[in-house]
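Engineer: Please find input.csv (CSV, N, CA, C and O atoms) on the next line:
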chain,number,residue,atom,x,y,z
A,1,MET,N,0.8,-1.2,0.0
A,1,MET,CA,0.0,0.0,0.0
A,1,MET,C,0.9,1.2,0.0
A,1,MET,O,1.8,1.4,0.8
A,2,ARG,N,0.6,2.2,-0.9
A,2,ARG,CA,1.4,3.4,-1.0
A,2,ARG,C,0.7,4.5,-0.3
A,2,ARG,O,-0.5,4.7,-0.4
A,3,MET,N,1.5,5.3,0.4
A,3,MET,CA,0.9,6.5,1.1
A,3,MET,C,0.6,7.5,0.1
A,3,MET,O,1.2,7.7,-0.9
A,4,ASN,N,-0.5,8.2,0.4
A,4,ASN,CA,-0.9,9.3,-0.5
A,4,ASN,C,0.1,10.4,-0.4
A,4,ASN,O,0.7,10.7,0.7
A,5,ALA,N,0.3,11.1,-1.5
A,5,ALA,CA,1.3,12.2,-1.5
A,5,ALA,C,1.0,13.3,-0.6
A,5,ALA,O,1.8,14.0,0.0
A,6,TYR,N,-0.3,13.6,-0.4
A,6,TYR,CA,-0.8,14.7,0.5
A,6,TYR,C,-0.5,14.3,1.9
A,6,TYR,O,-0.3,15.2,2.7
A,7,SER,N,-0.5,13.1,2.3
A,7,SER,CA,-0.2,12.7,3.7
A,7,SER,C,1.3,12.9,4.0
A,7,SER,O,1.7,13.0,5.2
A,8,ALA,N,2.2,12.9,3.0
A,8,ALA,CA,3.6,13.0,3.3
A,8,ALA,C,4.0,14.5,3.3
A,8,ALA,O,5.0,14.9,3.8
A,9,LEU,N,3.1,15.4,2.7
A,9,LEU,CA,3.4,16.8,2.7
A,9,LEU,C,3.7,17.4,4.0
A,9,LEU,O,4.6,18.2,4.2
A,10,PRO,N,2.9,17.2,5.0
A,10,PRO,CA,3.2,17.8,6.3
A,10,PRO,C,4.5,17.4,6.9
A,10,PRO,O,5.2,18.2,7.5
A,11,LEU,N,4.9,16.1,6.7
A,11,LEU,CA,6.2,15.7,7.2
A,11,LEU,C,7.3,16.4,6.4
A,11,LEU,O,8.3,16.9,7.0
A,12,ILE,N,7.2,16.6,5.1
A,12,ILE,CA,8.2,17.2,4.3
A,12,ILE,C,8.3,18.7,4.7
A,12,ILE,O,9.4,19.3,4.7
A,13,VAL,N,7.2,19.4,5.1
A,13,VAL,CA,7.3,20.8,5.4
A,13,VAL,C,7.5,21.1,6.8
A,13,VAL,O,8.3,22.0,7.2
A,14,THR,N,6.8,20.4,7.7
A,14,THR,CA,6.7,20.8,9.1
A,14,THR,C,8.0,20.5,9.9
A,14,THR,O,8.5,21.4,10.6
A,15,VAL,N,8.6,19.4,9.7
A,15,VAL,CA,9.8,19.0,10.5
A,15,VAL,C,11.0,20.0,10.1
A,15,VAL,O,11.6,20.5,11.0
A,16,PRO,N,11.3,20.2,8.8
A,16,PRO,CA,12.4,21.2,8.5
A,16,PRO,C,12.1,22.6,9.0
A,16,PRO,O,13.0,23.3,9.4
A,17,LEU,N,10.8,23.0,8.9
A,17,LEU,CA,10.4,24.3,9.3
A,17,LEU,C,10.6,24.5,10.8
A,17,LEU,O,11.2,25.5,11.3
A,18,THR,N,10.2,23.5,11.6
A,18,THR,CA,10.4,23.6,13.1
A,18,THR,C,11.9,23.5,13.4
A,18,THR,O,12.4,24.2,14.3
A,19,ALA,N,12.7,22.8,12.7
A,19,ALA,CA,14.1,22.7,12.9
A,19,ALA,C,14.8,24.0,12.6
A,19,ALA,O,15.7,24.5,13.3
A,20,LEU,N,14.3,24.7,11.6
A,20,LEU,CA,14.9,26.0,11.2
A,20,LEU,C,14.5,27.0,12.3
A,20,LEU,O,15.4,27.8,12.7
A,21,LEU,N,13.3,27.0,12.7
A,21,LEU,CA,12.9,27.9,13.8
A,21,LEU,C,13.7,27.7,15.1
A,21,LEU,O,14.0,28.6,15.8
A,22,ALA,N,14.0,26.4,15.4
A,22,ALA,CA,14.7,26.1,16.6
A,22,ALA,C,16.2,26.5,16.4
A,22,ALA,O,16.8,26.9,17.4
A,23,ALA,N,16.7,26.4,15.2
A,23,ALA,CA,18.1,26.9,14.9
A,23,ALA,C,18.3,28.4,15.2
A,23,ALA,O,19.3,28.8,15.6
A,24,PHE,N,17.2,29.1,14.9
A,24,PHE,CA,17.2,30.6,15.1
A,24,PHE,C,16.8,31.0,16.5
A,24,PHE,O,16.7,32.1,16.8
A,25,GLY,N,16.5,30.0,17.4
A,25,GLY,CA,16.1,30.3,18.7
A,25,GLY,C,14.7,30.6,19.0
A,25,GLY,O,14.3,31.1,20.1
A,26,VAL,N,13.8,30.5,18.0
A,26,VAL,CA,12.4,30.9,18.1
A,26,VAL,C,11.7,29.8,18.9
A,26,VAL,O,10.8,30.1,19.7
A,27,LEU,N,12.0,28.5,18.6
A,27,LEU,CA,11.4,27.4,19.3
A,27,LEU,C,12.5,26.6,20.0
A,27,LEU,O,13.6,26.5,19.6
A,28,PRO,N,12.1,26.0,21.2
A,28,PRO,CA,13.1,25.1,21.8
A,28,PRO,C,13.2,23.8,21.0
A,28,PRO,O,12.3,23.4,20.3
A,29,TRP,N,14.3,23.1,21.1
A,29,TRP,CA,14.6,21.9,20.4
A,29,TRP,C,13.6,20.7,20.8
A,29,TRP,O,13.4,19.8,20.0
A,30,GLY,N,13.1,20.8,22.0
A,30,GLY,CA,12.1,19.8,22.4
A,30,GLY,C,10.8,19.8,21.5
A,30,GLY,O,10.2,18.8,21.3
A,31,VAL,N,10.5,21.0,21.0
A,31,VAL,CA,9.3,21.1,20.1
A,31,VAL,C,9.6,20.3,18.8
A,31,VAL,O,8.7,19.7,18.2
A,32,VAL,N,10.8,20.4,18.3
A,32,VAL,CA,11.2,19.7,17.1
A,32,VAL,C,11.0,18.2,17.3
A,32,VAL,O,10.5,17.5,16.4
A,33,LEU,N,11.5,17.7,18.4
A,33,LEU,CA,11.3,16.3,18.7
A,33,LEU,C,9.9,15.9,18.8
A,33,LEU,O,9.4,14.9,18.2
A,34,ALA,N,9.1,16.7,19.5
A,34,ALA,CA,7.7,16.4,19.7
A,34,ALA,C,6.9,16.4,18.3
A,34,ALA,O,6.1,15.6,18.1
A,35,VAL,N,7.2,17.4,17.5
A,35,VAL,CA,6.6,17.5,16.2
A,35,VAL,C,6.9,16.3,15.3
A,35,VAL,O,6.1,15.8,14.6
A,36,THR,N,8.2,15.9,15.4
A,36,THR,CA,8.6,14.8,14.6
A,36,THR,C,7.9,13.5,15.0
A,36,THR,O,7.4,12.8,14.1
A,37,VAL,N,7.8,13.3,16.3
A,37,VAL,CA,7.1,12.1,16.7
A,37,VAL,C,5.6,12.2,16.4
A,37,VAL,O,5.0,11.2,15.9
A,38,ALA,N,5.0,13.3,16.6
A,38,ALA,CA,3.6,13.5,16.3
A,38,ALA,C,3.3,13.3,14.8
A,38,ALA,O,2.3,12.6,14.4
A,39,VAL,N,4.1,13.8,13.9
A,39,VAL,CA,3.9,13.7,12.5
A,39,VAL,C,4.1,12.2,12.1
A,39,VAL,O,3.4,11.7,11.2
A,40,GLY,N,5.1,11.6,12.7
A,40,GLY,CA,5.3,10.2,12.4
A,40,GLY,C,4.2,9.3,12.8
A,40,GLY,O,3.8,8.4,12.0
A,41,VAL,N,3.6,9.5,14.0
A,41,VAL,CA,2.4,8.8,14.4
A,41,VAL,C,1.3,9.0,13.5
A,41,VAL,O,0.5,8.1,13.1
A,42,ARG,N,1.1,10.3,13.1
A,42,ARG,CA,0.0,10.6,12.1
A,42,ARG,C,0.2,9.9,10.8
A,42,ARG,O,-0.8,9.3,10.2
A,43,ALA,N,1.4,9.8,10.3
A,43,ALA,CA,1.7,9.1,9.0
A,43,ALA,C,1.4,7.6,9.2
A,43,ALA,O,0.8,7.0,8.2
A,44,LEU,N,1.7,7.0,10.3
A,44,LEU,CA,1.4,5.6,10.5
A,44,LEU,C,-0.1,5.4,10.6
A,44,LEU,O,-0.6,4.4,10.1
A,45,ALA,N,-0.8,6.3,11.2
A,45,ALA,CA,-2.2,6.1,11.3
A,45,ALA,C,-2.9,6.3,9.9
A,45,ALA,O,-3.8,5.5,9.6
A,46,ILE,N,-2.4,7.2,9.1
A,46,ILE,CA,-2.9,7.3,7.8
A,46,ILE,C,-2.6,6.1,6.9
A,46,ILE,O,-3.4,5.6,6.2
A,47,ARG,N,-1.4,5.6,7.1
A,47,ARG,CA,-0.9,4.4,6.3
A,47,ARG,C,-1.8,3.2,6.7
A,47,ARG,O,-2.0,2.3,5.8
A,48,SER,N,-2.1,3.0,7.9
A,48,SER,CA,-2.9,1.9,8.3
A,48,SER,C,-4.3,1.9,7.7
A,48,SER,O,-5.0,0.9,7.7
A,49,GLY,N,-4.8,3.1,7.3
A,49,GLY,CA,-6.1,3.2,6.7
A,49,GLY,C,-7.2,3.0,7.6
A,49,GLY,O,-8.3,2.6,7.1
A,50,GLY,N,-7.1,3.2,8.9
A,50,GLY,CA,-8.2,3.0,9.8
A,50,GLY,C,-8.4,1.6,10.2
A,50,GLY,O,-9.4,1.3,10.9
A,51,ARG,N,-7.5,0.7,9.8
A,51,ARG,CA,-7.7,-0.7,10.2
A,51,ARG,C,-7.3,-0.9,11.6
A,51,ARG,O,-6.4,-0.3,12.1
A,52,ARG,N,-8.0,-1.8,12.3
A,52,ARG,CA,-7.6,-2.1,13.7
A,52,ARG,C,-6.5,-3.1,13.7
A,52,ARG,O,-6.5,-4.1,12.9
A,53,THR,N,-5.5,-2.8,14.6
A,53,THR,CA,-4.3,-3.7,14.6
A,53,THR,C,-4.5,-4.8,15.7
A,53,THR,O,-3.8,-5.8,15.7
A,54,SER,N,-5.4,-4.6,16.7
A,54,SER,CA,-5.6,-5.6,17.7
A,54,SER,C,-6.8,-6.4,17.5
A,54,SER,O,-7.8,-5.9,16.9
A,55,ARG,N,-6.8,-7.6,17.9
A,55,ARG,CA,-8.0,-8.5,17.8
A,55,ARG,C,-8.5,-8.8,19.1
A,55,ARG,O,-7.8,-9.1,20.1
A,56,LYS,N,-9.8,-8.8,19.2
A,56,LYS,CA,-10.5,-9.2,20.4
A,56,LYS,C,-10.6,-10.7,20.5
A,56,LYS,O,-10.9,-11.4,19.5
A,57,GLY,N,-10.3,-11.3,21.6
A,57,GLY,CA,-10.4,-12.7,21.8
A,57,GLY,C,-11.8,-13.1,22.0
A,57,GLY,O,-12.6,-12.4,22.6
A,58,GLY,N,-12.1,-14.3,21.6
A,58,GLY,CA,-13.5,-14.8,21.9
A,58,GLY,C,-14.3,-15.2,20.8
A,58,GLY,O,-14.9,-15.2,20.0
Re-express the file's structure as structure tokens.
Structural biologist:
Amino acid sequence: MRMNAYSALPLIVTVPLTALLAAFGVLPWGVVLAVTVAVGVRALAIRSGGRRTSRKGG
């Protein structure tokens, strides 16, 4: 399954932008890490396509 190009756009734009702002001292570096993790989790959620990964027993 291939990710939609629009779902990769926030990752391509947001992470370098926050890193640039952190380099100039506008944002703390912890924000860059948090944004990177959040965008990665979002990309994984989009890639899974809303499928459930856990199964209920019974």
Engineer: Pick out the residues sitting within 8 Å of region 27-31 of chain A, and hand them over as an NGL selection string; count all atoms listed in the file, and ignore anything fewer than 6 positions along from it in its own chain.
Structural biologist: :A and (14-15 or 17-21 or 37-38)
Engineer: Kindly save the residues from that selection, with N, CA, C and O atoms included, as a PDB file, keeping the file's coordinate frame.
Structural biologist:
ATOM      1  N   THR A  14       6.800  20.400   7.700  1.00  0.00           N
ATOM      2  CA  THR A  14       6.700  20.800   9.100  1.00  0.00           C
ATOM      3  C   THR A  14       8.000  20.500   9.900  1.00  0.00           C
ATOM      4  O   THR A  14       8.500  21.400  10.600  1.00  0.00           O
ATOM      5  N   VAL A  15       8.600  19.400   9.700  1.00  0.00           N
ATOM      6  CA  VAL A  15       9.800  19.000  10.500  1.00  0.00           C
ATOM      7  C   VAL A  15      11.000  20.000  10.100  1.00  0.00           C
ATOM      8  O   VAL A  15      11.600  20.500  11.000  1.00  0.00           O
ATOM      9  N   LEU A  17      10.800  23.000   8.900  1.00  0.00           N
ATOM     10  CA  LEU A  17      10.400  24.300   9.300  1.00  0.00           C
ATOM     11  C   LEU A  17      10.600  24.500  10.800  1.00  0.00           C
ATOM     12  O   LEU A  17      11.200  25.500  11.300  1.00  0.00           O
ATOM     13  N   THR A  18      10.200  23.500  11.600  1.00  0.00           N
ATOM     14  CA  THR A  18      10.400  23.600  13.100  1.00  0.00           C
ATOM     15  C   THR A  18      11.900  23.500  13.400  1.00  0.00           C
ATOM     16  O   THR A  18      12.400  24.200  14.300  1.00  0.00           O
ATOM     17  N   ALA A  19      12.700  22.800  12.700  1.00  0.00           N
ATOM     18  CA  ALA A  19      14.100  22.700  12.900  1.00  0.00           C
ATOM     19  C   ALA A  19      14.800  24.000  12.600  1.00  0.00           C
ATOM     20  O   ALA A  19      15.700  24.500  13.300  1.00  0.00           O
ATOM     21  N   LEU A  20      14.300  24.700  11.600  1.00  0.00           N
ATOM     22  CA  LEU A  20      14.900  26.000  11.200  1.00  0.00           C
ATOM     23  C   LEU A  20      14.500  27.000  12.300  1.00  0.00           C
ATOM     24  O   LEU A  20      15.400  27.800  12.700  1.00  0.00           O
ATOM     25  N   LEU A  21      13.300  27.000  12.700  1.00  0.00           N
ATOM     26  CA  LEU A  21      12.900  27.900  13.800  1.00  0.00           C
ATOM     27  C   LEU A  21      13.700  27.700  15.100  1.00  0.00           C
ATOM     28  O   LEU A  21      14.000  28.600  15.800  1.00  0.00           O
ATOM     29  N   VAL A  37       7.800  13.300  16.300  1.00  0.00           N
ATOM     30  CA  VAL A  37       7.100  12.100  16.700  1.00  0.00           C
ATOM     31  C   VAL A  37       5.600  12.200  16.400  1.00  0.00           C
ATOM     32  O   VAL A  37       5.000  11.200  15.900  1.00  0.00           O
ATOM     33  N   ALA A  38       5.000  13.300  16.600  1.00  0.00           N
ATOM     34  CA  ALA A  38       3.600  13.500  16.300  1.00  0.00           C
ATOM     35  C   ALA A  38       3.300  13.300  14.800  1.00  0.00           C
ATOM     36  O   ALA A  38       2.300  12.600  14.400  1.00  0.00           O
TER      37      ALA A  38
END
Engineer: So how many Å separate atom C of Pro10 (chain A) and CA of Ala22 (chain A), to one decimal?
Structural biologist: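 Computed distance, atom C of Pro10 (chain A) to CA of Ala22 (chain A), equals 16.5 Å.
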Engineer: Quick one: distance from atom O of Gly49 (chain A) to CA of Leu33 (chain A) in Å, one decimal?
Structural biologist: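 About the pair atom O of Gly49 (chain A) and CA of Leu33 (chain A): they are 26.6 Å apart.
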Engineer: What residues in region 10-55 of chain A get the DSSP label helix (DSSP H, G or I)? Please answer as a VMD selection string.
Structural biologist: chain A and resid 10 to 23 29 to 48
Engineer: Go ahead and save the picked residues with N, CA, C and O atoms, as a CSV table (one decimal), keeping the file's coordinate frame.
Structural biologist:
chain,number,residue,atom,x,y,z
A,10,PRO,N,2.9,17.2,5.0
A,10,PRO,CA,3.2,17.8,6.3
A,10,PRO,C,4.5,17.4,6.9
A,10,PRO,O,5.2,18.2,7.5
A,11,LEU,N,4.9,16.1,6.7
A,11,LEU,CA,6.2,15.7,7.2
A,11,LEU,C,7.3,16.4,6.4
A,11,LEU,O,8.3,16.9,7.0
A,12,ILE,N,7.2,16.6,5.1
A,12,ILE,CA,8.2,17.2,4.3
A,12,ILE,C,8.3,18.7,4.7
A,12,ILE,O,9.4,19.3,4.7
A,13,VAL,N,7.2,19.4,5.1
A,13,VAL,CA,7.3,20.8,5.4
A,13,VAL,C,7.5,21.1,6.8
A,13,VAL,O,8.3,22.0,7.2
A,14,THR,N,6.8,20.4,7.7
A,14,THR,CA,6.7,20.8,9.1
A,14,THR,C,8.0,20.5,9.9
A,14,THR,O,8.5,21.4,10.6
A,15,VAL,N,8.6,19.4,9.7
A,15,VAL,CA,9.8,19.0,10.5
A,15,VAL,C,11.0,20.0,10.1
A,15,VAL,O,11.6,20.5,11.0
A,16,PRO,N,11.3,20.2,8.8
A,16,PRO,CA,12.4,21.2,8.5
A,16,PRO,C,12.1,22.6,9.0
A,16,PRO,O,13.0,23.3,9.4
A,17,LEU,N,10.8,23.0,8.9
A,17,LEU,CA,10.4,24.3,9.3
A,17,LEU,C,10.6,24.5,10.8
A,17,LEU,O,11.2,25.5,11.3
A,18,THR,N,10.2,23.5,11.6
A,18,THR,CA,10.4,23.6,13.1
A,18,THR,C,11.9,23.5,13.4
A,18,THR,O,12.4,24.2,14.3
A,19,ALA,N,12.7,22.8,12.7
A,19,ALA,CA,14.1,22.7,12.9
A,19,ALA,C,14.8,24.0,12.6
A,19,ALA,O,15.7,24.5,13.3
A,20,LEU,N,14.3,24.7,11.6
A,20,LEU,CA,14.9,26.0,11.2
A,20,LEU,C,14.5,27.0,12.3
A,20,LEU,O,15.4,27.8,12.7
A,21,LEU,N,13.3,27.0,12.7
A,21,LEU,CA,12.9,27.9,13.8
A,21,LEU,C,13.7,27.7,15.1
A,21,LEU,O,14.0,28.6,15.8
A,22,ALA,N,14.0,26.4,15.4
A,22,ALA,CA,14.7,26.1,16.6
A,22,ALA,C,16.2,26.5,16.4
A,22,ALA,O,16.8,26.9,17.4
A,23,ALA,N,16.7,26.4,15.2
A,23,ALA,CA,18.1,26.9,14.9
A,23,ALA,C,18.3,28.4,15.2
A,23,ALA,O,19.3,28.8,15.6
A,29,TRP,N,14.3,23.1,21.1
A,29,TRP,CA,14.6,21.9,20.4
A,29,TRP,C,13.6,20.7,20.8
A,29,TRP,O,13.4,19.8,20.0
A,30,GLY,N,13.1,20.8,22.0
A,30,GLY,CA,12.1,19.8,22.4
A,30,GLY,C,10.8,19.8,21.5
A,30,GLY,O,10.2,18.8,21.3
A,31,VAL,N,10.5,21.0,21.0
A,31,VAL,CA,9.3,21.1,20.1
A,31,VAL,C,9.6,20.3,18.8
A,31,VAL,O,8.7,19.7,18.2
A,32,VAL,N,10.8,20.4,18.3
A,32,VAL,CA,11.2,19.7,17.1
A,32,VAL,C,11.0,18.2,17.3
A,32,VAL,O,10.5,17.5,16.4
A,33,LEU,N,11.5,17.7,18.4
A,33,LEU,CA,11.3,16.3,18.7
A,33,LEU,C,9.9,15.9,18.8
A,33,LEU,O,9.4,14.9,18.2
A,34,ALA,N,9.1,16.7,19.5
A,34,ALA,CA,7.7,16.4,19.7
A,34,ALA,C,6.9,16.4,18.3
A,34,ALA,O,6.1,15.6,18.1
A,35,VAL,N,7.2,17.4,17.5
A,35,VAL,CA,6.6,17.5,16.2
A,35,VAL,C,6.9,16.3,15.3
A,35,VAL,O,6.1,15.8,14.6
A,36,THR,N,8.2,15.9,15.4
A,36,THR,CA,8.6,14.8,14.6
A,36,THR,C,7.9,13.5,15.0
A,36,THR,O,7.4,12.8,14.1
A,37,VAL,N,7.8,13.3,16.3
A,37,VAL,CA,7.1,12.1,16.7
A,37,VAL,C,5.6,12.2,16.4
A,37,VAL,O,5.0,11.2,15.9
A,38,ALA,N,5.0,13.3,16.6
A,38,ALA,CA,3.6,13.5,16.3
A,38,ALA,C,3.3,13.3,14.8
A,38,ALA,O,2.3,12.6,14.4
A,39,VAL,N,4.1,13.8,13.9
A,39,VAL,CA,3.9,13.7,12.5
A,39,VAL,C,4.1,12.2,12.1
A,39,VAL,O,3.4,11.7,11.2
A,40,GLY,N,5.1,11.6,12.7
A,40,GLY,CA,5.3,10.2,12.4
A,40,GLY,C,4.2,9.3,12.8
A,40,GLY,O,3.8,8.4,12.0
A,41,VAL,N,3.6,9.5,14.0
A,41,VAL,CA,2.4,8.8,14.4
A,41,VAL,C,1.3,9.0,13.5
A,41,VAL,O,0.5,8.1,13.1
A,42,ARG,N,1.1,10.3,13.1
A,42,ARG,CA,0.0,10.6,12.1
A,42,ARG,C,0.2,9.9,10.8
A,42,ARG,O,-0.8,9.3,10.2
A,43,ALA,N,1.4,9.8,10.3
A,43,ALA,CA,1.7,9.1,9.0
A,43,ALA,C,1.4,7.6,9.2
A,43,ALA,O,0.8,7.0,8.2
A,44,LEU,N,1.7,7.0,10.3
A,44,LEU,CA,1.4,5.6,10.5
A,44,LEU,C,-0.1,5.4,10.6
A,44,LEU,O,-0.6,4.4,10.1
A,45,ALA,N,-0.8,6.3,11.2
A,45,ALA,CA,-2.2,6.1,11.3
A,45,ALA,C,-2.9,6.3,9.9
A,45,ALA,O,-3.8,5.5,9.6
A,46,ILE,N,-2.4,7.2,9.1
A,46,ILE,CA,-2.9,7.3,7.8
A,46,ILE,C,-2.6,6.1,6.9
A,46,ILE,O,-3.4,5.6,6.2
A,47,ARG,N,-1.4,5.6,7.1
A,47,ARG,CA,-0.9,4.4,6.3
A,47,ARG,C,-1.8,3.2,6.7
A,47,ARG,O,-2.0,2.3,5.8
A,48,SER,N,-2.1,3.0,7.9
A,48,SER,CA,-2.9,1.9,8.3
A,48,SER,C,-4.3,1.9,7.7
A,48,SER,O,-5.0,0.9,7.7
Engineer: Mind giving me the straight-line distance from atom O of Val13 (chain A) to atom C of Ala45 (chain A) in Å, one decimal?
Structural biologist: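 A separation of 19.5 Å between them.
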